[in-house]
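A.B. asks: Here it is, the structure, as structure tokens.
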Amino acid sequence: MEVFDHLATGFMAAGTLQNLFFCLIGTVLGTLIGVLPGIGPIPALAILLPITFGLDPLSSLIMLAGIYYGAQYGGSTTSILVNMPGEASSVVTCIEGHQMARKGRAGAALAIAALGSFFAGCVGTVFIAAFGPPLASIAQQFNSPDYFALMLLGLVMAIVLAHGSVLKAVAMVLIGLLLGLVGTDTNTGLTRYTFGLSGLWEGIDFLPLVLGLFGIVEIIRNLENPPPPRETISTRMRDLWPNKQEIKESIPAALRGTMLGSILGILPGGGAVLASFASYTLEKKITKTPRKFGHGAVEGVAGPESANNAAAQTSFIPLLTLGIPSNPIMAIMMGAMIIQGIQPGAAVMTTRPDLFWGMVASMWIGNLMLVVINLPMIGIWVKLLSVPYRLLYPAILLFCAIGVYSTSTEPFMMVLMIVFTVFGYVLFKLGCEPAPMVLGFILGPLMEENLRRSLVISRGDPMIFINRPISATLLVATVLMLCLIILPQFRRTREEAFQEE
Amino acid sequence: MVIKSPQDFGAGILFILFGAIGLWVGSDLNFGTARNMGPGYFPIIICGLIMLIGLIVAGKSLAIEGPAIERIQFRPILFILMAIAAFGLFIEDIGAIIASILLIMFAAYARKDVNLIETVVFAVGTAAFVVIIFVYALGQPMPVWWGR
């Protein structure tokens, strides 16, 4: 079996003492940040991004992946114990998980969430190993028009899944695309939108942008509207074990969640958030005891938690095989890879097999570490919640500043960070969600390049996008999604889904 | 003219401005043709779309009720920005320790009712911790004190 050979290569690469160490650090730091109220995976990745830059590419990617899972995991812990979702994908965990906690089943809810996630993580890893190579060979048949159509679909999906107004999300994506174009035009060598500043010749730096928009604006938001204190439910080690009934109910839910999540993760625009909502809806639909939902149904924890972890894994597939990030979190991962000098895409698998398979293997190792290390340490994570915010936020701010300075000692980067903080603050006041902007920012130059190439091939005839089967299919899907947004019934469901947050 | 949704109205105006600036700054870029796209082709299309959306959002805000813009609180954002600016200004010349302490002090005053002693102790401790981690453990290039 070729898959096992590949995985063996991966475990060899990821299993070195150094990489295991960084995987551990990543998962612990990720959990640490993820547990903190109001910090979801995007700000967590942004804040911790700089500390991975000094490492070699594989270690740095392993650590980043660890941070991502850790943050996800930390988010579910706070959802269950404090009823405070750290991130959008654990919103649904809040609904059932916190109800379980109030009935004295906090430990069981945490254990089910962790074990469900671990199981889903294992399946997700196998999924990537099994479907990565065939998808990469499909990717080799992709031509410029197909890439353009795929990116268009991804952006439309990001708009569908963004919070709040659709129109504003469209504008945010477009603004992101425009910001991504700042700098030297690759085709002509002319500089665009640099306002005569040499610091912008190579484009807007990724780090000040994400740290300003997500890390620092988050702090200001919390200072303006301090989150209300919530009751924390304490838990003891010996309460961690779910009882027989709970196990019996959660296993099929975890299986369904894993399957659903694995599939939704691969789709453009898919990812943890979509998967957990979809799984919760599914569990609610097929349950024989609908009355339990809303009052601590075990399936409502096991399903969504497995689904979001499976999707978190498989959403790496489009990034690693096609070189296209399917959601804002993957856009940040892609930004990190580019800073490391790796252009994500099918080529990585053949030119740096150790990198690709090492990362896949490390995902599994990271998931294992999360269960083994974090479950017994839940008490410590919960204590973190009692660290007063007045001490926390200056430290986070310092982290952001040092992070930007240490990757580029240009004073201009600080100015950029200030500019994006102000911009992010204005967007927050005007009710615009900046996450889709990051996706646009990363995709901007890629989309322009592929549009240009497509039109050169077709001598300016836009019909090329319809004549090629792959791009035509993707465009049809894009149009269908757009129709969905316009349909009033779907609009209502979408609004309701976000209402629950 | 009555603005029924101030938030959307503001967002619409922001988008229109953004698109307009993009068109104006990009006006000297060659548009080219579809067959041979110039450097201005893609950006100008995008700017046009941004303006279009801005117009729709602003237009809708006159017709449909929506949330008001929350009052801007100047204290948090100003102190946070000053903290970053102070760090950026001083790190090069007087080093990471002092710049970090300054950042934390400024940041702390983004809230009211600051406990000065606690803040100073915390600032010094955090600065030391951060320098040990970043400069000594991770080996990031950063001056610790002045003159180096």
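Order determines the names: the first chain of the structure tokens is A, the second B, and so forth; residues in each chain are numbered 1 upward, and ligands are numbered 1 upward as they are shown.
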Do you know which residues are at most 9 Å from B:Ala110 counting only C-alpha atoms, after dropping those on the same chain fewer than 2 positions away, and could you put them as a list of chain:residue names?

C.D. replies: A:Ile220, A:Leu223, B:Arg75, B:Pro76, B:Ile77, B:Leu78, B:Phe79, B:Ile80, B:Phe106, B:Ala107, B:Ala108, B:Lys112, B:Val114

A.B. asks: Any idea what's packed within 8 Å of stretch 68-72 of chain B, counting only C-alpha atoms, ignoring anything in its chain fewer than 2 positions away? Could you give it as a ChimeraX atom specification?

C.D. replies: /A:429-430 /B:5-7,66,74

A.B. asks: Using C-alpha atoms, can you write the selected residues to a file as a PDB file, in the first residue's frame?

C.D. replies:
ATOM      1  CA  LYS A 429     -17.962  50.154  14.145  1.00  0.00           C
ATOM      2  CA  LEU A 430     -19.656  49.831  10.769  1.00  0.00           C
TER       3      LEU A 430
ATOM      4  CA  SER B   5     -29.500  52.409   9.065  1.00  0.00           C
ATOM      5  CA  PRO B   6     -26.504  54.515  10.142  1.00  0.00           C
ATOM      6  CA  GLN B   7     -24.124  51.516  10.230  1.00  0.00           C
ATOM      7  CA  GLY B  66     -30.753  49.001  10.808  1.00  0.00           C
ATOM      8  CA  PHE B  74     -11.512  57.315  22.378  1.00  0.00           C
TER       9      PHE B  74
END

A.B. asks: In Å, how far is it from atom CA of B:Trp145 to atom CA of A:Thr52?

C.D. replies: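 Between atom CA of B:Trp145 and atom CA of A:Thr52 the gap is 24.4 Å.
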
A.B. asks: May I have a table of the residues of chain B lying at most 8 Å from chain A, giving each one's closest pair of atoms and their distance in Å to one decimal, counting only C-alpha atoms, ordered by chain and ascending residue number, as a Markdown table?

C.D. replies:
| residue | atom | partner | partner_atom | distance |
| --- | --- | --- | --- | --- |
| B:Gln7 | CA | A:Leu430 | CA | 4.8 |
| B:Asp8 | CA | A:Leu430 | CA | 6.7 |
| B:Gly10 | CA | A:Leu430 | CA | 6.3 |
| B:Ala11 | CA | A:Leu430 | CA | 5.6 |
| B:Phe15 | CA | A:Ala171 | CA | 7.2 |
| B:Gly22 | CA | A:Tyr193 | CA | 7.8 |
| B:Val25 | CA | A:Tyr193 | CA | 6.6 |
| B:Gly26 | CA | A:Tyr193 | CA | 6.8 |
| B:Leu29 | CA | A:Arg192 | CA | 7.8 |
| B:Thr33 | CA | A:Gly460 | CA | 7.7 |
| B:Ala34 | CA | A:Gly460 | CA | 4.8 |
| B:Arg35 | CA | A:Gly460 | CA | 3.7 |
| B:Asn36 | CA | A:Val456 | CA | 6.5 |
| B:Met37 | CA | A:Arg452 | CA | 6.2 |
| B:Pro39 | CA | A:Asp185 | CA | 6.4 |
| B:Phe42 | CA | A:Glu448 | CA | 6.3 |
| B:Pro43 | CA | A:Leu178 | CA | 6.2 |
| B:Ile46 | CA | A:Leu174 | CA | 6.3 |
| B:Cys47 | CA | A:Leu178 | CA | 7.5 |
| B:Leu49 | CA | A:Leu174 | CA | 7.6 |
| B:Ile50 | CA | A:Ala171 | CA | 5.7 |
| B:Ile53 | CA | A:Ala171 | CA | 6.4 |
| B:Gly54 | CA | A:Ala171 | CA | 7.6 |
| B:Val57 | CA | A:Leu167 | CA | 7.0 |
| B:Ile69 | CA | A:Lys429 | CA | 6.1 |
| B:Glu70 | CA | A:Lys429 | CA | 6.4 |
| B:Ile72 | CA | A:Lys429 | CA | 7.9 |
| B:Gln73 | CA | A:Glu224 | CA | 6.8 |
| B:Pro76 | CA | A:Ile220 | CA | 5.9 |
| B:Ile77 | CA | A:Ile220 | CA | 6.1 |
| B:Ile80 | CA | A:Ile220 | CA | 7.6 |
| B:Leu81 | CA | A:Ile418 | CA | 6.4 |
| B:Ile84 | CA | A:Ala401 | CA | 6.6 |
| B:Ala85 | CA | A:Met414 | CA | 7.1 |
| B:Phe87 | CA | A:Ala401 | CA | 7.3 |
| B:Gly88 | CA | A:Met414 | CA | 5.9 |
| B:Leu89 | CA | A:Pro411 | CA | 7.6 |
| B:Ser100 | CA | A:Leu398 | CA | 6.7 |
| B:Leu103 | CA | A:Leu398 | CA | 6.7 |
| B:Ile104 | CA | A:Pro394 | CA | 5.2 |
| B:Ala107 | CA | A:Pro394 | CA | 5.5 |
| B:Ala108 | CA | A:Pro394 | CA | 6.4 |
| B:Ala110 | CA | A:Leu223 | CA | 7.7 |
| B:Arg111 | CA | A:Leu223 | CA | 7.1 |
| B:Phe122 | CA | A:Leu391 | CA | 7.6 |
| B:Thr126 | CA | A:Ala395 | CA | 7.2 |
| B:Leu138 | CA | A:Gly54 | CA | 7.3 |
| B:Gln140 | CA | A:Ser406 | CA | 6.0 |
| B:Pro141 | CA | A:Ser406 | CA | 6.5 |
| B:Met142 | CA | A:Ser406 | CA | 6.9 |

A.B. asks: Those same residues - N, CA and C atoms - I'd like them written as a tab-separated table (two decimals), in the first residue's frame.

C.D. replies:
chain	number	residue	atom	x	y	z
B	7	GLN	N	-25.27	52.40	10.44
B	7	GLN	CA	-24.12	51.52	10.23
B	7	GLN	C	-23.92	51.22	8.75
B	8	ASP	N	-25.02	50.84	8.07
B	8	ASP	CA	-24.92	50.53	6.66
B	8	ASP	C	-24.58	51.76	5.83
B	10	GLY	N	-22.78	54.30	6.79
B	10	GLY	CA	-21.34	54.52	6.97
B	10	GLY	C	-20.53	53.55	6.14
B	11	ALA	N	-20.93	52.27	6.17
B	11	ALA	CA	-20.20	51.26	5.42
B	11	ALA	C	-20.26	51.57	3.93
B	15	PHE	N	-17.12	52.24	1.46
B	15	PHE	CA	-16.82	51.47	0.25
B	15	PHE	C	-16.69	52.41	-0.95
B	22	GLY	N	-9.25	54.16	-5.06
B	22	GLY	CA	-8.61	53.14	-5.89
B	22	GLY	C	-8.63	53.53	-7.36
B	25	VAL	N	-6.19	56.73	-7.79
B	25	VAL	CA	-4.76	56.40	-7.73
B	25	VAL	C	-4.38	55.50	-8.90
B	26	GLY	N	-5.33	54.63	-9.30
B	26	GLY	CA	-5.02	53.70	-10.38
B	26	GLY	C	-5.26	54.26	-11.76
B	29	LEU	N	-2.62	53.89	-14.41
B	29	LEU	CA	-2.21	52.54	-14.81
B	29	LEU	C	-2.89	52.18	-16.13
B	33	THR	N	-6.31	45.58	-22.81
B	33	THR	CA	-7.51	44.94	-23.33
B	33	THR	C	-7.64	43.58	-22.68
B	34	ALA	N	-8.80	42.93	-22.87
B	34	ALA	CA	-8.98	41.61	-22.28
B	34	ALA	C	-7.87	40.67	-22.76
B	35	ARG	N	-7.51	40.81	-24.03
B	35	ARG	CA	-6.52	39.92	-24.61
B	35	ARG	C	-5.14	40.18	-24.02
B	36	ASN	N	-4.90	41.41	-23.69
B	36	ASN	CA	-3.59	41.77	-23.15
B	36	ASN	C	-3.81	42.71	-21.97
B	37	MET	N	-4.13	42.11	-20.83
B	37	MET	CA	-4.49	42.89	-19.65
B	37	MET	C	-3.33	43.77	-19.20
B	39	PRO	N	-1.65	46.53	-16.30
B	39	PRO	CA	-1.60	46.47	-14.82
B	39	PRO	C	-2.85	47.08	-14.18
B	42	PHE	N	-7.38	44.56	-13.86
B	42	PHE	CA	-8.04	43.89	-12.72
B	42	PHE	C	-8.38	44.87	-11.60
B	43	PRO	N	-7.41	45.71	-11.15
B	43	PRO	CA	-7.74	46.63	-10.05
B	43	PRO	C	-8.89	47.58	-10.38
B	46	ILE	N	-12.14	45.83	-10.05
B	46	ILE	CA	-12.46	45.61	-8.63
B	46	ILE	C	-12.94	46.91	-7.98
B	47	CYS	N	-12.24	48.01	-8.25
B	47	CYS	CA	-12.64	49.29	-7.66
B	47	CYS	C	-14.05	49.65	-8.08
B	49	LEU	N	-16.43	47.62	-8.89
B	49	LEU	CA	-17.37	46.77	-8.15
B	49	LEU	C	-17.53	47.24	-6.71
B	50	ILE	N	-16.41	47.64	-6.07
B	50	ILE	CA	-16.50	48.11	-4.68
B	50	ILE	C	-17.42	49.33	-4.61
B	53	ILE	N	-21.09	48.30	-5.01
B	53	ILE	CA	-21.65	47.74	-3.78
B	53	ILE	C	-21.87	48.83	-2.76
B	54	GLY	N	-20.91	49.77	-2.67
B	54	GLY	CA	-21.05	50.90	-1.75
B	54	GLY	C	-22.34	51.66	-2.02
B	57	VAL	N	-25.33	49.53	-0.87
B	57	VAL	CA	-25.43	49.48	0.60
B	57	VAL	C	-25.93	50.82	1.14
B	69	ILE	N	-24.67	53.34	14.77
B	69	ILE	CA	-23.23	53.16	14.99
B	69	ILE	C	-22.96	53.35	16.48
B	70	GLU	N	-22.29	52.39	17.06
B	70	GLU	CA	-21.97	52.48	18.49
B	70	GLU	C	-21.09	53.69	18.74
B	72	ILE	N	-18.13	55.93	19.69
B	72	ILE	CA	-16.69	55.64	19.69
B	72	ILE	C	-16.12	56.03	21.05
B	73	GLN	N	-15.42	55.11	21.69
B	73	GLN	CA	-14.74	55.45	22.94
B	73	GLN	C	-13.29	55.72	22.59
B	76	PRO	N	-9.68	53.73	24.82
B	76	PRO	CA	-8.99	52.48	24.47
B	76	PRO	C	-8.16	52.58	23.20
B	77	ILE	N	-8.76	53.04	22.11
B	77	ILE	CA	-8.02	52.99	20.85
B	77	ILE	C	-6.82	53.92	20.88
B	80	ILE	N	-4.01	52.38	23.03
B	80	ILE	CA	-3.44	51.19	22.39
B	80	ILE	C	-2.54	51.60	21.22
B	81	LEU	N	-3.01	52.57	20.42
B	81	LEU	CA	-2.20	53.02	19.29
B	81	LEU	C	-0.91	53.68	19.78
B	84	ILE	N	1.66	51.06	20.72
B	84	ILE	CA	2.39	50.48	19.59
B	84	ILE	C	3.39	51.49	19.03
B	85	ALA	N	2.94	52.75	18.92
B	85	ALA	CA	3.82	53.78	18.36
B	85	ALA	C	5.06	53.93	19.23
B	87	PHE	N	6.46	51.76	21.18
B	87	PHE	CA	7.33	50.60	20.99
B	87	PHE	C	8.12	50.75	19.69
B	88	GLY	N	7.42	51.10	18.61
B	88	GLY	CA	8.07	51.24	17.31
B	88	GLY	C	9.13	52.32	17.30
B	89	LEU	N	8.87	53.42	18.03
B	89	LEU	CA	9.80	54.54	18.03
B	89	LEU	C	11.07	54.22	18.82
B	100	SER	N	9.40	47.70	25.70
B	100	SER	CA	8.32	46.82	26.17
B	100	SER	C	7.63	47.40	27.39
B	103	LEU	N	5.38	50.14	26.27
B	103	LEU	CA	4.18	49.61	25.62
B	103	LEU	C	3.16	49.17	26.65
B	104	ILE	N	3.62	48.43	27.64
B	104	ILE	CA	2.67	47.92	28.64
B	104	ILE	C	2.07	49.04	29.47
B	107	ALA	N	-0.47	50.79	27.31
B	107	ALA	CA	-1.61	49.90	27.09
B	107	ALA	C	-2.48	49.83	28.35
B	108	ALA	N	-1.83	49.78	29.51
B	108	ALA	CA	-2.59	49.65	30.75
B	108	ALA	C	-3.53	50.83	30.95
B	110	ALA	N	-5.21	52.27	28.85
B	110	ALA	CA	-6.38	52.22	27.97
B	110	ALA	C	-7.63	51.97	28.80
B	111	ARG	N	-7.44	51.49	30.04
B	111	ARG	CA	-8.56	51.31	30.96
B	111	ARG	C	-8.55	52.44	31.97
B	122	PHE	N	4.19	44.51	36.83
B	122	PHE	CA	3.83	43.62	35.74
B	122	PHE	C	4.61	43.96	34.48
B	126	THR	N	7.06	41.34	32.70
B	126	THR	CA	6.74	40.86	31.36
B	126	THR	C	7.87	41.20	30.38
B	138	LEU	N	14.76	32.26	21.50
B	138	LEU	CA	14.43	32.13	20.09
B	138	LEU	C	15.44	32.82	19.18
B	140	GLN	N	15.86	35.96	18.28
B	140	GLN	CA	15.41	37.00	17.36
B	140	GLN	C	16.37	38.19	17.44
B	141	PRO	N	16.66	38.80	16.29
B	141	PRO	CA	17.58	39.94	16.31
B	141	PRO	C	16.87	41.18	16.85
B	142	MET	N	17.28	41.61	18.04
B	142	MET	CA	16.62	42.75	18.66
B	142	MET	C	17.59	43.37	19.66

A.B. asks: Mind checking DSSP for stretch 192-262 of chain A and telling me the alpha helix (DSSP H) residues as a ChimeraX atom specification?

C.D. replies: /A:206-210,217-224,244-262

A.B. asks: Please determine, counting only C-alpha atoms, which residue among B:Pro67, B:Gly95, B:Gly125, B:Pro143 has the shortest atom-to-atom distance to B:Ile3.

C.D. replies: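 Checking each of B:Pro67, B:Gly95, B:Gly125, B:Pro143 against B:Ile3, counting only C-alpha atoms, the winner is B:Pro67.
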
A.B. asks: With distances taken over only C-alpha atoms, which residue among A:Gln343, A:Asn19, A:Gln313, A:Thr287 lies nearest A:Glu249?

C.D. replies: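 Of A:Gln343, A:Asn19, A:Gln313, A:Thr287, the one nearest A:Glu249, counting only C-alpha atoms, is A:Thr287.
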
A.B. asks: To one decimal place in Å, what is the distance between atom CA of A:Pro252 and atom CA of A:Ile329?

C.D. replies: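 Value for the atom CA of A:Pro252-atom CA of A:Ile329 distance: 28.8 Å.
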
A.B. asks: Would you work out the distance separating atom CA of A:Ser362 from atom CA of A:Leu153, expressed in Å to one decimal?

C.D. replies: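 Going from atom CA of A:Ser362 over to atom CA of A:Leu153 covers 29.7 Å.
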
A.B. asks: Taking into account only C-alpha atoms, which residue in the set B:Ala123, B:Trp146, B:Phe18, B:Asp93 is nearest to B:Gly48?

C.D. replies: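 Looking only at the distances to B:Gly48, the closest residue turns out to be B:Phe18.
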
A.B. asks: Would you mind writing down, as a VMD selection string, each residue of stretch 145-316 of chain A that DSSP on the backbone assigns to strand (DSSP E or B)?

C.D. replies: chain A and resid 183 to 184 191 to 192
